[in-house]
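A.B. asks: The structure that follows is given in the form of structure tokens.
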Amino acid sequence: MSDNNKKKFGFWSIVLLGINSVIGSGIFLLPGKAMDLVGPGSIFVYVFMAFVTMAIALCYAECSSKFNRYGSSYVYAREAFGEFVGFQVGIMGWATGIIGWAVMAVGFVTALSAVWPAAMQEPYRTILIVGIQGGLGILNLFGVKVMKYTSNLVTVGKLVPLVLFILCGIFFIKGSNFEPLFLPDVGTESIGAASLVIFYAFTGFAAMASAAPDMENPQKNIPRAILVVMGSVSVVYFLVQTVCVGVMGPALAKSSAPVAQAAGVFFGSYGMWLVTIGSLVSIGGINVSTSFVAPRAGVSMAEDGLLPRKLGEMSRFGTPYMSIIITVMLTMPLALTGSFIQLVAISMISRFAQYMSTCLAVLVLRKKRPDLTGTFRIPFGPVVPFAAVCITLWMATKTTATQLIWGLGALGIGVVVFAAMKYFVKKESDVKEVLENQLD
């Protein structure tokens with residue numbers, strides 16, 4: 001193996017990055033909400049949503065097997081539908097990363113305040129946010145190898161408390177807590193609400209494909225890693241929900257800290273500390289993975305001339321230094337001011353736009369670019385991609401009118417930015433042509 005490959009994410013490092021990107025703080029809070037909406041049958045909603053998100057993940061697996069470029073959804077959309085659609089998907093994807101990182105940085109400080117109340121007070125709040133984002137930005141600048149080891153470490157630290165919770169909790173499950181398994185008064189509205197909440201807990205798998213050039217043999221390893229990650233996460237989520245329901249029973253529906261309370265049953269006073277540490281490591285891990293993936297969202301667009309080419313330049317460490325710096329500069333003010341409440345709505349619509357375009361790209365690329373054979377192809381022809389499109393549309397209908405308006409507004413801004421970039425790129429090309437003619 002060459003020295004360059006040793007710096008990249010190997011297969012298991014890609015898997016850990018994927019798990020790190022998917023499992024966040026939600027796992028510690030969702031069991032109570034799901035129980036409140038649909039009762040003990042919530043365990044089957046987790047199973048259903050595992051299959052639902054797997055359908056979308058399979059589309060990413062097939063597309064990622066055809067390309068070795070930064071940007072994932074942008075690359076697939078551009079190749080399938082052209083520059084305009086690709087740009088909209090790409091710029092919204094970068095915005096999602098920036099907003100998501102701001103939310104997660106504040107989320108870490110908020111979680112820390114549970115054990116250190118001063119964390120949310122000034123100047124500690126500012127120091128912590130600047131330290132998290134500035135520190136991770138610097139780590140990113142120093143190369144992929146540093147981020148690989150950091151991601152691996154925090155992901156293992158994130159999984160240990162969850163595995164302990166499951167292994168110990170199964171001995172305290174009471175079968176009577178699952179009765180009745182299906183509540184008679186649960187309607188389709190409650191099931192839909194529970195599905196949407198759980199759906200967001202499964203998202204994040206696209207991160208593995210976003211940084212393909214930093215992966216070892218990406219066209220082979222990323223598709224395999226996506227399948228392993230989604231399978232592993234599904235098992236963990238199902239078991240955590242099962243333990244919570246089995247240990248707490250009806251009380252779970254009213255719990256604001258379900259995993260912590262369930263852990264308290266079999267770990268005693270140490271349960272709260274175990275879950276608190278697990279929650280902090282989990283949110284910290286999301287910060288690490290987002291800080292790595294988010295800057296790379298704009299690199300391919302810069303390489304294609306849809307953003308300033310400077311954003312695509314690499315440092316001597318092989319990192320997109322300008323994209324990293326700009327991402328940190330945009331994320332930090334959002335986190336410090338907390339003025340991203342409405343921006344979260346943009347990121348939600350953006351996520352659906354990315355999923356929709358990728359699922360459709362599978363069908364289009366099969367017809368349009370048969371030469372892109374890839375290393376993985378979803379079985380059963382168009383069935384799974386078509387089902388994934390329908391699923392994404394159904395999920396999108398569950399968003400609020402406010403979220404939809406903000407999302408469409410962001411798309412409108414994207415149209416203006418796209419037109420401006422095309423104008424400046426053409427002007428730059430014309431000037432270059434004139435200079436070359438003068439030299440001749």
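A note on labels: chains of the structure tokens are A, B, ... as shown, every chain counts residues from 1, and ligands are counted from 1 in their shown order.
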Restrict the calculation to only C-alpha atoms, then for each residue of segment 10-129 of chain A with any atom at most 6 Å from an atom of segment 358-363 of chain A give the closest atom pair and their distance in Å to one decimal, rows by chain and rising residue number, as a tab-separated table.
C.D. replies:
residue	atom	partner	partner_atom	distance
A:Cys59	CA	A:Cys359	CA	5.4
A:Ser73	CA	A:Thr358	CA	5.8
A:Ala80	CA	A:Ala361	CA	5.5
A.B. asks: Filtering to all heavy atoms, could you give me those residues as a PDB file, in the first residue's frame?
C.D. replies:
ATOM      1  N   CYS A  59     -29.487   3.740  -3.452  1.00  0.00           N
ATOM      2  CA  CYS A  59     -29.300   4.635  -4.609  1.00  0.00           C
ATOM      3  C   CYS A  59     -27.955   5.343  -4.519  1.00  0.00           C
ATOM      4  O   CYS A  59     -27.252   5.514  -5.524  1.00  0.00           O
ATOM      5  CB  CYS A  59     -30.445   5.656  -4.671  1.00  0.00           C
ATOM      6  SG  CYS A  59     -32.055   4.917  -5.030  1.00  0.00           S
ATOM      7  N   SER A  73     -24.108  14.021  -4.121  1.00  0.00           N
ATOM      8  CA  SER A  73     -25.381  14.360  -4.766  1.00  0.00           C
ATOM      9  C   SER A  73     -25.218  15.368  -5.898  1.00  0.00           C
ATOM     10  O   SER A  73     -25.883  15.265  -6.934  1.00  0.00           O
ATOM     11  CB  SER A  73     -26.361  14.927  -3.729  1.00  0.00           C
ATOM     12  OG  SER A  73     -26.638  13.973  -2.739  1.00  0.00           O
ATOM     13  N   ALA A  80     -26.545  13.652 -14.422  1.00  0.00           N
ATOM     14  CA  ALA A  80     -27.840  13.161 -14.897  1.00  0.00           C
ATOM     15  C   ALA A  80     -28.722  14.265 -15.478  1.00  0.00           C
ATOM     16  O   ALA A  80     -29.398  14.062 -16.487  1.00  0.00           O
ATOM     17  CB  ALA A  80     -28.587  12.469 -13.754  1.00  0.00           C
TER      18      ALA A  80
END
A.B. asks: Would you pick out the contacts of Cys168 of chain A at 10 Å or less, using only C-alpha atoms, so that residues sharing its chain but fewer than 5 positions from it are not included, and give the list as a PDB file with all heavy atoms, in the first residue's frame?
C.D. replies:
ATOM      1  N   VAL A 163     -23.498   0.121  23.244  1.00  0.00           N
ATOM      2  CA  VAL A 163     -23.362  -1.341  23.297  1.00  0.00           C
ATOM      3  C   VAL A 163     -23.538  -1.837  24.734  1.00  0.00           C
ATOM      4  O   VAL A 163     -24.223  -2.846  24.986  1.00  0.00           O
ATOM      5  CB  VAL A 163     -22.003  -1.779  22.722  1.00  0.00           C
ATOM      6  CG1 VAL A 163     -21.772  -3.269  22.966  1.00  0.00           C
ATOM      7  CG2 VAL A 163     -21.929  -1.486  21.221  1.00  0.00           C
ATOM      8  N   ILE A 173     -35.381  -6.529  30.726  1.00  0.00           N
ATOM      9  CA  ILE A 173     -36.607  -6.372  29.942  1.00  0.00           C
ATOM     10  C   ILE A 173     -37.742  -7.192  30.560  1.00  0.00           C
ATOM     11  O   ILE A 173     -37.551  -8.340  30.966  1.00  0.00           O
ATOM     12  CB  ILE A 173     -36.374  -6.821  28.483  1.00  0.00           C
ATOM     13  CG1 ILE A 173     -35.459  -5.819  27.757  1.00  0.00           C
ATOM     14  CG2 ILE A 173     -37.693  -6.949  27.728  1.00  0.00           C
ATOM     15  CD1 ILE A 173     -35.081  -6.233  26.344  1.00  0.00           C
ATOM     16  N   VAL A 243     -34.954  -2.187  24.309  1.00  0.00           N
ATOM     17  CA  VAL A 243     -34.534  -2.142  25.716  1.00  0.00           C
ATOM     18  C   VAL A 243     -35.307  -1.058  26.462  1.00  0.00           C
ATOM     19  O   VAL A 243     -35.790  -1.282  27.580  1.00  0.00           O
ATOM     20  CB  VAL A 243     -33.010  -1.900  25.825  1.00  0.00           C
ATOM     21  CG1 VAL A 243     -32.618  -1.587  27.274  1.00  0.00           C
ATOM     22  CG2 VAL A 243     -32.242  -3.110  25.327  1.00  0.00           C
ATOM     23  N   ALA A 263     -31.220   3.506  31.670  1.00  0.00           N
ATOM     24  CA  ALA A 263     -29.884   3.119  32.161  1.00  0.00           C
ATOM     25  C   ALA A 263     -29.828   3.187  33.672  1.00  0.00           C
ATOM     26  O   ALA A 263     -29.116   2.400  34.317  1.00  0.00           O
ATOM     27  CB  ALA A 263     -28.818   4.017  31.542  1.00  0.00           C
ATOM     28  N   PHE A 266     -30.666  -0.184  35.562  1.00  0.00           N
ATOM     29  CA  PHE A 266     -29.694  -1.276  35.716  1.00  0.00           C
ATOM     30  C   PHE A 266     -28.264  -0.806  35.994  1.00  0.00           C
ATOM     31  O   PHE A 266     -27.415  -1.591  36.362  1.00  0.00           O
ATOM     32  CB  PHE A 266     -29.714  -2.221  34.506  1.00  0.00           C
ATOM     33  CG  PHE A 266     -29.737  -1.548  33.167  1.00  0.00           C
ATOM     34  CD1 PHE A 266     -28.578  -1.170  32.532  1.00  0.00           C
ATOM     35  CD2 PHE A 266     -30.953  -1.314  32.517  1.00  0.00           C
ATOM     36  CE1 PHE A 266     -28.611  -0.575  31.292  1.00  0.00           C
ATOM     37  CE2 PHE A 266     -30.996  -0.711  31.260  1.00  0.00           C
ATOM     38  CZ  PHE A 266     -29.817  -0.341  30.652  1.00  0.00           C
ATOM     39  N   PHE A 267     -27.977   0.493  35.835  1.00  0.00           N
ATOM     40  CA  PHE A 267     -26.658   1.012  36.180  1.00  0.00           C
ATOM     41  C   PHE A 267     -26.690   1.878  37.443  1.00  0.00           C
ATOM     42  O   PHE A 267     -25.656   2.356  37.893  1.00  0.00           O
ATOM     43  CB  PHE A 267     -26.086   1.856  35.036  1.00  0.00           C
ATOM     44  CG  PHE A 267     -25.561   1.048  33.885  1.00  0.00           C
ATOM     45  CD1 PHE A 267     -25.967   1.322  32.590  1.00  0.00           C
ATOM     46  CD2 PHE A 267     -24.664   0.024  34.100  1.00  0.00           C
ATOM     47  CE1 PHE A 267     -25.473   0.584  31.516  1.00  0.00           C
ATOM     48  CE2 PHE A 267     -24.179  -0.729  33.037  1.00  0.00           C
ATOM     49  CZ  PHE A 267     -24.587  -0.441  31.747  1.00  0.00           C
TER      50      PHE A 267
END
A.B. asks: Using atom CA of Leu307 of chain A and atom CA of Tyr70 of chain A as the two end points, give the distance in Å to one decimal.
C.D. replies: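 Going from atom CA of Leu307 of chain A over to atom CA of Tyr70 of chain A covers 13.8 Å.
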A.B. asks: Mind listing the helix (DSSP H, G or I) residues of segment 14-259 of chain A, per DSSP on the backbone, as a ChimeraX atom specification?
C.D. replies: /A:14-22,25-28,30-64,73-81,83-112,117-120,124-141,144-172,175-178,188-202,207-210,212-214,218-254,258-259
A.B. asks: When distances are computed from only C-alpha atoms, which of A:Ile324, A:Ile405, A:Val417, A:Ala396 shows the smallest separation from Asn140 of chain A?
C.D. replies: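 Answer, going by the shortest atom-to-atom distance: A:Ile324.
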A.B. asks: Set the distance at 8 Å and use only C-alpha atoms: which residues neighbour Ser289 of chain A once local chain neighbours fewer than 5 positions away are removed? I'd like the list as a list in words.
C.D. replies: Leu17, Asn20, Ser21, Ser151 and Ala207 of chain A
A.B. asks: Would you mind exporting all heavy atoms of the selected residues as a PDB file, in the first residue's frame?
C.D. replies:
ATOM      1  N   LEU A  17     -16.813   6.346   9.857  1.00  0.00           N
ATOM      2  CA  LEU A  17     -17.241   7.702   9.489  1.00  0.00           C
ATOM      3  C   LEU A  17     -18.747   7.724   9.239  1.00  0.00           C
ATOM      4  O   LEU A  17     -19.449   8.651   9.660  1.00  0.00           O
ATOM      5  CB  LEU A  17     -16.500   8.171   8.234  1.00  0.00           C
ATOM      6  CG  LEU A  17     -16.940   9.536   7.671  1.00  0.00           C
ATOM      7  CD1 LEU A  17     -16.553  10.656   8.626  1.00  0.00           C
ATOM      8  CD2 LEU A  17     -16.331   9.777   6.292  1.00  0.00           C
ATOM      9  N   ASN A  20     -20.612   7.392  12.488  1.00  0.00           N
ATOM     10  CA  ASN A  20     -20.439   8.674  13.180  1.00  0.00           C
ATOM     11  C   ASN A  20     -21.374   9.735  12.611  1.00  0.00           C
ATOM     12  O   ASN A  20     -21.900  10.574  13.330  1.00  0.00           O
ATOM     13  CB  ASN A  20     -18.980   9.126  13.057  1.00  0.00           C
ATOM     14  CG  ASN A  20     -18.653  10.286  13.981  1.00  0.00           C
ATOM     15  OD1 ASN A  20     -19.386  10.586  14.917  1.00  0.00           O
ATOM     16  ND2 ASN A  20     -17.555  10.950  13.705  1.00  0.00           N
ATOM     17  N   SER A  21     -21.595   9.696  11.297  1.00  0.00           N
ATOM     18  CA  SER A  21     -22.432  10.691  10.630  1.00  0.00           C
ATOM     19  C   SER A  21     -23.921  10.442  10.839  1.00  0.00           C
ATOM     20  O   SER A  21     -24.720  11.372  10.780  1.00  0.00           O
ATOM     21  CB  SER A  21     -22.137  10.700   9.118  1.00  0.00           C
ATOM     22  OG  SER A  21     -20.787  11.024   8.863  1.00  0.00           O
ATOM     23  N   SER A 151     -11.887  10.703  13.721  1.00  0.00           N
ATOM     24  CA  SER A 151     -13.210  10.131  13.469  1.00  0.00           C
ATOM     25  C   SER A 151     -13.320   8.718  14.035  1.00  0.00           C
ATOM     26  O   SER A 151     -14.319   8.365  14.675  1.00  0.00           O
ATOM     27  CB  SER A 151     -13.494  10.119  11.960  1.00  0.00           C
ATOM     28  OG  SER A 151     -14.709   9.454  11.685  1.00  0.00           O
ATOM     29  N   ALA A 207     -22.804  11.243   3.707  1.00  0.00           N
ATOM     30  CA  ALA A 207     -21.491  11.802   4.042  1.00  0.00           C
ATOM     31  C   ALA A 207     -20.352  10.926   3.538  1.00  0.00           C
ATOM     32  O   ALA A 207     -19.287  11.427   3.162  1.00  0.00           O
ATOM     33  CB  ALA A 207     -21.376  11.992   5.551  1.00  0.00           C
TER      34      ALA A 207
END
A.B. asks: Rank nothing, just name the residue among A:Phe108, A:Phe202, A:Phe376, A:Tyr237 nearest to Phe67 of chain A, using only C-alpha atoms.
C.D. replies: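 Ranked by minimum distance to Phe67 of chain A, first place goes to A:Phe376.
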A.B. asks: For Phe205 of chain A, please output as a count of residues only all residues within 8 Å (counting only C-alpha atoms; exclusion window: fewer than 3 positions along the same chain).
C.D. replies: 10
A.B. asks: Can you tell me, as an mmCIF file with N, CA and C atoms, in the first residue's frame, what residues are no more than 9 Å from Gly39 of chain A when counting only C-alpha atoms, ignoring any on the same chain fewer than 3 positions away?
C.D. replies:
data_model
loop_
_atom_site.group_PDB
_atom_site.id
_atom_site.type_symbol
_atom_site.label_atom_id
_atom_site.label_comp_id
_atom_site.auth_asym_id
_atom_site.auth_seq_id
_atom_site.Cartn_x
_atom_site.Cartn_y
_atom_site.Cartn_z
ATOM 1 N N ALA A 34 -41.097 8.288 20.234
ATOM 2 C CA ALA A 34 -41.682 7.212 19.424
ATOM 3 C C ALA A 34 -42.712 6.423 20.221
ATOM 4 N N MET A 35 -42.407 6.164 21.493
ATOM 5 C CA MET A 35 -43.334 5.434 22.371
ATOM 6 C C MET A 35 -44.615 6.243 22.574
ATOM 7 N N ASP A 36 -44.488 7.537 22.740
ATOM 8 C CA ASP A 36 -45.641 8.409 22.952
ATOM 9 C C ASP A 36 -46.576 8.408 21.744
ATOM 10 N N SER A 42 -43.679 0.892 18.396
ATOM 11 C CA SER A 42 -42.639 1.769 17.841
ATOM 12 C C SER A 42 -41.421 0.978 17.378
ATOM 13 N N ILE A 43 -41.210 -0.195 17.979
ATOM 14 C CA ILE A 43 -40.063 -1.001 17.550
ATOM 15 C C ILE A 43 -40.216 -1.430 16.096
ATOM 16 N N PHE A 178 -44.539 -4.842 26.821
ATOM 17 C CA PHE A 178 -44.838 -4.785 25.389
ATOM 18 C C PHE A 178 -46.326 -4.996 25.112
ATOM 19 N N PRO A 180 -50.309 -3.613 25.445
ATOM 20 C CA PRO A 180 -50.573 -4.223 24.130
ATOM 21 C C PRO A 180 -49.543 -3.759 23.113
ATOM 22 N N LEU A 181 -49.129 -4.673 22.241
ATOM 23 C CA LEU A 181 -48.087 -4.351 21.265
ATOM 24 C C LEU A 181 -48.564 -3.311 20.274
ATOM 25 N N PHE A 182 -49.843 -3.396 19.913
ATOM 26 C CA PHE A 182 -50.416 -2.420 18.988
ATOM 27 C C PHE A 182 -51.569 -1.699 19.682
ATOM 28 N N LEU A 183 -51.400 -0.403 19.900
ATOM 29 C CA LEU A 183 -52.437 0.381 20.567
ATOM 30 C C LEU A 183 -53.634 0.570 19.630
ATOM 31 N N VAL A 186 -54.134 4.168 17.809
ATOM 32 C CA VAL A 186 -53.055 4.746 16.997
ATOM 33 C C VAL A 186 -53.524 4.865 15.546
ATOM 34 N N VAL A 245 -38.290 0.247 25.815
ATOM 35 C CA VAL A 245 -39.688 -0.159 25.997
ATOM 36 C C VAL A 245 -39.775 -1.267 27.044
ATOM 37 N N PRO A 250 -44.896 1.788 29.955
ATOM 38 C CA PRO A 250 -45.675 2.998 29.656
ATOM 39 C C PRO A 250 -45.001 4.296 30.094
ATOM 40 N N ALA A 253 -43.180 6.807 27.547
ATOM 41 C CA ALA A 253 -43.875 7.813 26.736
ATOM 42 C C ALA A 253 -43.789 9.203 27.342
#
A.B. asks: State, in Å with one decimal place, the distance from atom CA of Tyr124 of chain A to atom CA of Val106 of chain A.
C.D. replies: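 Computing the Euclidean distance for atom CA of Tyr124 of chain A and atom CA of Val106 of chain A yields 12.1 Å.
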A.B. asks: Contacts between segment 351-355 of chain A and segment 49-82 of chain A, please, where a residue of segment 49-82 of chain A counts if it comes within 12 Å (with only C-alpha atoms); show its shortest atom pair and distance in Å to one decimal, rows by chain and ascending number, as a tab-separated table.
C.D. replies:
residue	atom	partner	partner_atom	distance
A:Thr53	CA	A:Tyr355	CA	10.1
A:Met54	CA	A:Tyr355	CA	11.9
A:Ala55	CA	A:Tyr355	CA	10.6
A:Ile56	CA	A:Tyr355	CA	6.9
A:Ala57	CA	A:Tyr355	CA	8.9
A:Leu58	CA	A:Tyr355	CA	11.0
A:Cys59	CA	A:Tyr355	CA	8.7
A:Tyr60	CA	A:Tyr355	CA	8.5
A:Cys63	CA	A:Tyr355	CA	11.7
A:Gly71	CA	A:Gln354	CA	10.8
A:Ser72	CA	A:Gln354	CA	9.1
A:Ser73	CA	A:Gln354	CA	5.7
A:Tyr74	CA	A:Gln354	CA	7.8
A:Val75	CA	A:Gln354	CA	10.7
A:Tyr76	CA	A:Gln354	CA	9.6
A:Ala77	CA	A:Gln354	CA	8.4
A:Arg78	CA	A:Gln354	CA	11.6
A.B. asks: Pull C-alpha atoms from the residues just selected and write them as a short mmCIF file (atom, residue, chain, number, x, y, z; two decimals), in the first residue's frame.
C.D. replies:
data_model
loop_
_atom_site.label_atom_id
_atom_site.label_comp_id
_atom_site.auth_asym_id
_atom_site.auth_seq_id
_atom_site.Cartn_x
_atom_site.Cartn_y
_atom_site.Cartn_z
CA THR A 53 -33.88 4.59 4.37
CA MET A 54 -32.05 1.56 3.01
CA ALA A 55 -33.86 2.08 -0.31
CA ILE A 56 -32.46 5.62 -0.53
CA ALA A 57 -29.03 4.49 0.71
CA LEU A 58 -28.92 1.85 -2.04
CA CYS A 59 -29.30 4.63 -4.61
CA TYR A 60 -26.26 6.36 -3.11
CA CYS A 63 -24.16 6.20 -7.81
CA GLY A 71 -19.77 16.29 -3.76
CA SER A 72 -21.83 13.07 -4.07
CA SER A 73 -25.38 14.36 -4.77
CA TYR A 74 -24.07 17.34 -6.77
CA VAL A 75 -21.96 15.09 -9.00
CA TYR A 76 -24.80 12.64 -9.62
CA ALA A 77 -27.35 15.40 -10.32
CA ARG A 78 -25.02 17.30 -12.65
#
A.B. asks: Restricting the calculation to only C-alpha atoms: of A:Ala262, A:Val293, A:Val383, A:Ile91, which residue gets closest to Ala209 of chain A?
C.D. replies: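 Of the candidates, the smallest distance to Ala209 of chain A is held by A:Val293.
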A.B. asks: Pick out the closest residue to Gly97 of chain A from this set: A:Pro308, A:Gly204, A:Pro213, A:Pro320. Count only C-alpha atoms.
C.D. replies: A:Gly204
A.B. asks: Compare A:Tyr46, A:Tyr149, A:Phe380, A:Phe199 by their minimum atom-to-atom distance to Phe9 of chain A, counting only C-alpha atoms, and give me the closest one.
C.D. replies: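 Closest to Phe9 of chain A of all the choices is A:Tyr149.
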A.B. asks: Return the single residue from A:Ile283, A:Leu30, A:Leu372, A:Met301 that is closest to Trp101 of chain A, with distances computed using only C-alpha atoms.
C.D. replies: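 Using only C-alpha atoms, the shortest distance to Trp101 of chain A belongs to A:Ile283.
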A.B. asks: Neighbours of Ala294 of chain A within 7 Å (only C-alpha atoms; same-chain residues fewer than 2 positions away dropped), as a CSV table (one decimal) with all heavy atoms, in the first residue's frame?
C.D. replies:
chain,number,residue,atom,x,y,z
A,94,TRP,N,-24.1,22.2,0.4
A,94,TRP,CA,-23.1,22.9,1.2
A,94,TRP,C,-23.7,23.7,2.3
A,94,TRP,O,-23.2,23.7,3.5
A,94,TRP,CB,-22.3,23.8,0.3
A,94,TRP,CG,-21.0,24.3,0.9
A,94,TRP,CD1,-20.4,23.9,2.1
A,94,TRP,CD2,-20.0,25.2,0.3
A,94,TRP,NE1,-19.2,24.5,2.3
A,94,TRP,CE2,-18.9,25.3,1.2
A,94,TRP,CE3,-20.0,25.8,-0.9
A,94,TRP,CZ2,-17.8,26.1,0.9
A,94,TRP,CZ3,-18.9,26.7,-1.2
A,94,TRP,CH2,-17.8,26.8,-0.3
A,97,GLY,N,-24.6,21.5,5.2
A,97,GLY,CA,-23.5,21.1,6.0
A,97,GLY,C,-23.1,22.3,7.0
A,97,GLY,O,-22.8,22.0,8.1
A,98,ILE,N,-23.1,23.5,6.5
A,98,ILE,CA,-22.8,24.7,7.3
A,98,ILE,C,-23.8,24.8,8.4
A,98,ILE,O,-23.4,25.0,9.6
A,98,ILE,CB,-22.7,25.9,6.4
A,98,ILE,CG1,-21.5,25.8,5.5
A,98,ILE,CG2,-22.6,27.2,7.2
A,98,ILE,CD1,-21.4,26.9,4.4
A,290,THR,N,-19.1,16.2,10.4
A,290,THR,CA,-19.6,17.3,9.6
A,290,THR,C,-18.5,18.3,9.2
A,290,THR,O,-18.5,18.8,8.1
A,290,THR,CB,-20.7,18.1,10.4
A,290,THR,OG1,-21.7,17.2,10.8
A,290,THR,CG2,-21.3,19.2,9.5
A,291,SER,N,-17.5,18.5,10.1
A,291,SER,CA,-16.4,19.4,9.8
A,291,SER,C,-15.6,18.9,8.7
A,291,SER,O,-14.9,19.6,7.9
A,291,SER,CB,-15.6,19.6,11.1
A,291,SER,OG,-14.8,18.5,11.4
A,292,PHE,N,-15.5,17.6,8.5
A,292,PHE,CA,-14.8,16.9,7.5
A,292,PHE,C,-15.5,17.0,6.1
A,292,PHE,O,-14.9,17.3,5.1
A,292,PHE,CB,-14.4,15.5,7.9
A,292,PHE,CG,-13.7,14.7,6.8
A,292,PHE,CD1,-12.4,15.0,6.5
A,292,PHE,CD2,-14.4,13.7,6.1
A,292,PHE,CE1,-11.7,14.3,5.5
A,292,PHE,CE2,-13.7,13.0,5.1
A,292,PHE,CZ,-12.4,13.3,4.8
A,296,ARG,N,-16.0,19.9,1.8
A,296,ARG,CA,-15.8,19.3,0.5
A,296,ARG,C,-17.0,19.3,-0.5
A,296,ARG,O,-16.9,19.0,-1.6
A,296,ARG,CB,-15.3,17.8,0.8
A,296,ARG,CG,-13.9,17.7,1.3
A,296,ARG,CD,-13.7,16.5,2.1
A,296,ARG,NE,-12.2,16.4,2.5
A,296,ARG,CZ,-11.7,17.0,3.5
A,296,ARG,NH1,-12.4,17.8,4.2
A,296,ARG,NH2,-10.4,16.9,3.7
A,297,ALA,N,-18.1,19.9,0.0
A,297,ALA,CA,-19.3,20.0,-0.8
A,297,ALA,C,-19.1,20.9,-1.9
A,297,ALA,O,-19.7,20.8,-3.0
A,297,ALA,CB,-20.5,20.4,0.1
